[in-house]
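Quick look at work20.pdb (PDB, C-alpha atoms, pLDDT in the B column):
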```pdb
ATOM      1  CA  MET A   9      61.997 179.957 189.948  1.00 77.00           C
ATOM      2  CA  ASP A  10      60.729 176.581 191.181  1.00 91.00           C
ATOM      3  CA  ALA A  11      61.693 173.212 189.694  1.00 92.00           C
ATOM      4  CA  PRO A  12      58.359 172.428 187.968  1.00 93.00           C
ATOM      5  CA  THR A  13      58.448 175.802 186.200  1.00 95.00           C
ATOM      6  CA  GLU A  14      62.081 175.338 185.141  1.00 96.00           C
ATOM      7  CA  ILE A  15      61.379 171.849 183.826  1.00 96.00           C
ATOM      8  CA  GLY A  16      58.313 173.095 181.982  1.00 97.00           C
ATOM      9  CA  ARG A  17      60.244 175.903 180.319  1.00 97.00           C
ATOM     10  CA  ALA A  18      62.994 173.502 179.249  1.00 97.00           C
ATOM     11  CA  ILE A  19      60.417 171.141 177.751  1.00 98.00           C
ATOM     12  CA  ARG A  20      58.621 173.981 175.941  1.00 98.00           C
ATOM     13  CA  THR A  21      61.901 175.280 174.501  1.00 98.00           C
ATOM     14  CA  ALA A  22      62.933 171.808 173.311  1.00 98.00           C
ATOM     15  CA  ARG A  23      59.480 171.062 171.877  1.00 98.00           C
ATOM     16  CA  ARG A  24      59.544 174.253 169.855  1.00 98.00           C
ATOM     17  CA  ALA A  25      63.115 173.540 168.701  1.00 98.00           C
ATOM     18  CA  HIS A  26      61.872 170.177 167.395  1.00 98.00           C
ATOM     19  CA  GLY A  27      59.030 171.935 165.574  1.00 98.00           C
ATOM     20  CA  LEU A  28      56.325 170.102 167.516  1.00 98.00           C
ATOM     21  CA  THR A  29      52.975 171.388 168.713  1.00 98.00           C
ATOM     22  CA  GLN A  30      51.703 170.468 172.158  1.00 98.00           C
ATOM     23  CA  GLN A  31      49.189 168.164 170.479  1.00 98.00           C
ATOM     24  CA  GLN A  32      51.885 166.394 168.470  1.00 98.00           C
ATOM     25  CA  LEU A  33      54.031 165.888 171.562  1.00 98.00           C
ATOM     26  CA  ALA A  34      51.052 164.575 173.490  1.00 98.00           C
ATOM     27  CA  GLU A  35      50.279 162.068 170.729  1.00 98.00           C
ATOM     28  CA  LEU A  36      53.924 161.006 170.578  1.00 97.00           C
ATOM     29  CA  VAL A  37      53.960 160.253 174.299  1.00 97.00           C
ATOM     30  CA  GLY A  38      50.404 158.930 174.535  1.00 97.00           C
ATOM     31  CA  THR A  39      48.971 161.570 176.817  1.00 97.00           C
ATOM     32  CA  ALA A  40      46.549 164.480 176.535  1.00 97.00           C
ATOM     33  CA  GLU A  41      47.436 167.881 175.118  1.00 98.00           C
ATOM     34  CA  ARG A  42      46.182 169.369 178.381  1.00 97.00           C
ATOM     35  CA  THR A  43      48.788 167.337 180.266  1.00 98.00           C
ATOM     36  CA  VAL A  44      51.600 168.696 178.088  1.00 98.00           C
ATOM     37  CA  ARG A  45      50.257 172.228 178.526  1.00 98.00           C
ATOM     38  CA  GLU A  46      50.162 171.849 182.321  1.00 98.00           C
ATOM     39  CA  ILE A  47      53.663 170.375 182.444  1.00 98.00           C
ATOM     40  CA  GLU A  48      54.989 173.281 180.375  1.00 98.00           C
ATOM     41  CA  LYS A  49      53.321 175.736 182.760  1.00 97.00           C
ATOM     42  CA  GLY A  50      54.662 173.902 185.822  1.00 95.00           C
ATOM     43  CA  THR A  51      51.130 173.271 187.062  1.00 94.00           C
ATOM     44  CA  GLY A  52      48.825 170.291 187.343  1.00 85.00           C
ATOM     45  CA  ALA A  53      49.387 166.970 188.998  1.00 91.00           C
ATOM     46  CA  SER A  54      51.095 164.875 186.332  1.00 93.00           C
ATOM     47  CA  SER A  55      52.927 161.801 187.510  1.00 94.00           C
ATOM     48  CA  LEU A  56      56.701 161.827 187.501  1.00 94.00           C
ATOM     49  CA  ASP A  57      56.603 159.061 184.880  1.00 95.00           C
ATOM     50  CA  THR A  58      54.564 161.283 182.560  1.00 97.00           C
ATOM     51  CA  VAL A  59      56.835 164.294 183.047  1.00 97.00           C
ATOM     52  CA  VAL A  60      59.913 162.156 182.369  1.00 96.00           C
ATOM     53  CA  ALA A  61      58.284 160.665 179.248  1.00 97.00           C
ATOM     54  CA  VAL A  62      57.337 164.083 177.869  1.00 98.00           C
ATOM     55  CA  ALA A  63      60.795 165.463 178.638  1.00 98.00           C
ATOM     56  CA  GLY A  64      62.539 162.469 177.117  1.00 97.00           C
ATOM     57  CA  ALA A  65      60.532 162.727 173.921  1.00 97.00           C
ATOM     58  CA  VAL A  66      62.114 166.122 173.234  1.00 98.00           C
ATOM     59  CA  GLY A  67      65.572 165.285 174.574  1.00 97.00           C
ATOM     60  CA  VAL A  68      65.346 166.914 177.985  1.00 97.00           C
ATOM     61  CA  ALA A  69      67.035 164.812 180.661  1.00 95.00           C
ATOM     62  CA  ILE A  70      65.673 164.881 184.185  1.00 92.00           C
ATOM     63  CA  GLY A  71      67.935 163.484 186.867  1.00 88.00           C
ATOM     64  CA  VAL A  72      68.652 163.331 190.543  1.00 86.00           C
ATOM     65  CA  ILE A  73      71.265 165.586 192.095  1.00 86.00           C
ATOM     66  CA  ARG A  74      72.840 164.204 195.224  1.00 88.00           C
TER      67      ARG A  74
END
```
Write-out of the structure in structure tokens:
Amino acid sequence: MDAPTEIGRAIRTARRAHGLTQQQLAELVGTAERTVREIEKGTGASSLDTVVAVAGAVGVAIGVIR
């Protein structure tokens, strides 16, 4: 599985655990529901800043492995 798909699945799992809809998460972060949907699918062309913001809003940490 590729990184965008893994990140998207982690975000989806955390969002559901927090009892949030995609629309609610989008509003919380200040982005479009479509953006959240694409991030969760591992598709689209969202900026890294947006992905990190969406992930952070549901407690998913994204970091650099060296």
Open item on the list: If we count all atoms listed in the file and set the cut-off at 12 Å, which residues sit around Glu35 (chain A), ignoring sequence neighbours fewer than 6 positions away in its own chain? Please answer as a VMD selection string.
Closed with: chain A and resid 28 to 29 41 to 44 61 to 62 65
TODO: Select all residues near (66.7, 159.9, 183.0) (cut-off 6 Å, inclusive, file coordinates), counting all atoms listed in the file, and output them as JSON, numbers by chain.
DONE: {"A": [69, 70, 71]}
TODO: List the residues matched by the PyMOL selection byres ((chain A and resi 46) around 12) in the displayed structure as a list in words, ordered by chain and then by residue number.
DONE: Pro12, Thr13, Ile15, Gly16, Arg17, Ile19, Arg20, Gln30, Ala34, Thr39, Ala40, Glu41, Arg42, Thr43, Val44, Arg45, Ile47, Glu48, Lys49, Gly50, Thr51, Gly52, Ala53, Ser54, Ser55, Thr58, Val59 and Val62 of chain A
Please save C-alpha atoms of the selected residues as a CSV table (one decimal), keeping the file's coordinate frame.
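For reference, part-v5.csv as written:
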```csv
chain,number,residue,atom,x,y,z
A,12,PRO,CA,58.4,172.4,188.0
A,13,THR,CA,58.4,175.8,186.2
A,15,ILE,CA,61.4,171.8,183.8
A,16,GLY,CA,58.3,173.1,182.0
A,17,ARG,CA,60.2,175.9,180.3
A,19,ILE,CA,60.4,171.1,177.8
A,20,ARG,CA,58.6,174.0,175.9
A,30,GLN,CA,51.7,170.5,172.2
A,34,ALA,CA,51.1,164.6,173.5
A,39,THR,CA,49.0,161.6,176.8
A,40,ALA,CA,46.5,164.5,176.5
A,41,GLU,CA,47.4,167.9,175.1
A,42,ARG,CA,46.2,169.4,178.4
A,43,THR,CA,48.8,167.3,180.3
A,44,VAL,CA,51.6,168.7,178.1
A,45,ARG,CA,50.3,172.2,178.5
A,47,ILE,CA,53.7,170.4,182.4
A,48,GLU,CA,55.0,173.3,180.4
A,49,LYS,CA,53.3,175.7,182.8
A,50,GLY,CA,54.7,173.9,185.8
A,51,THR,CA,51.1,173.3,187.1
A,52,GLY,CA,48.8,170.3,187.3
A,53,ALA,CA,49.4,167.0,189.0
A,54,SER,CA,51.1,164.9,186.3
A,55,SER,CA,52.9,161.8,187.5
A,58,THR,CA,54.6,161.3,182.6
A,59,VAL,CA,56.8,164.3,183.0
A,62,VAL,CA,57.3,164.1,177.9
```
Task: Nearest to Ala25 (chain A), chosen from A:Ala11, A:Val37, A:Val68, A:Val60, with only C-alpha atoms counted in the distances - done: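 Using only C-alpha atoms, Ala25 (chain A) sits closest to A:Val68.
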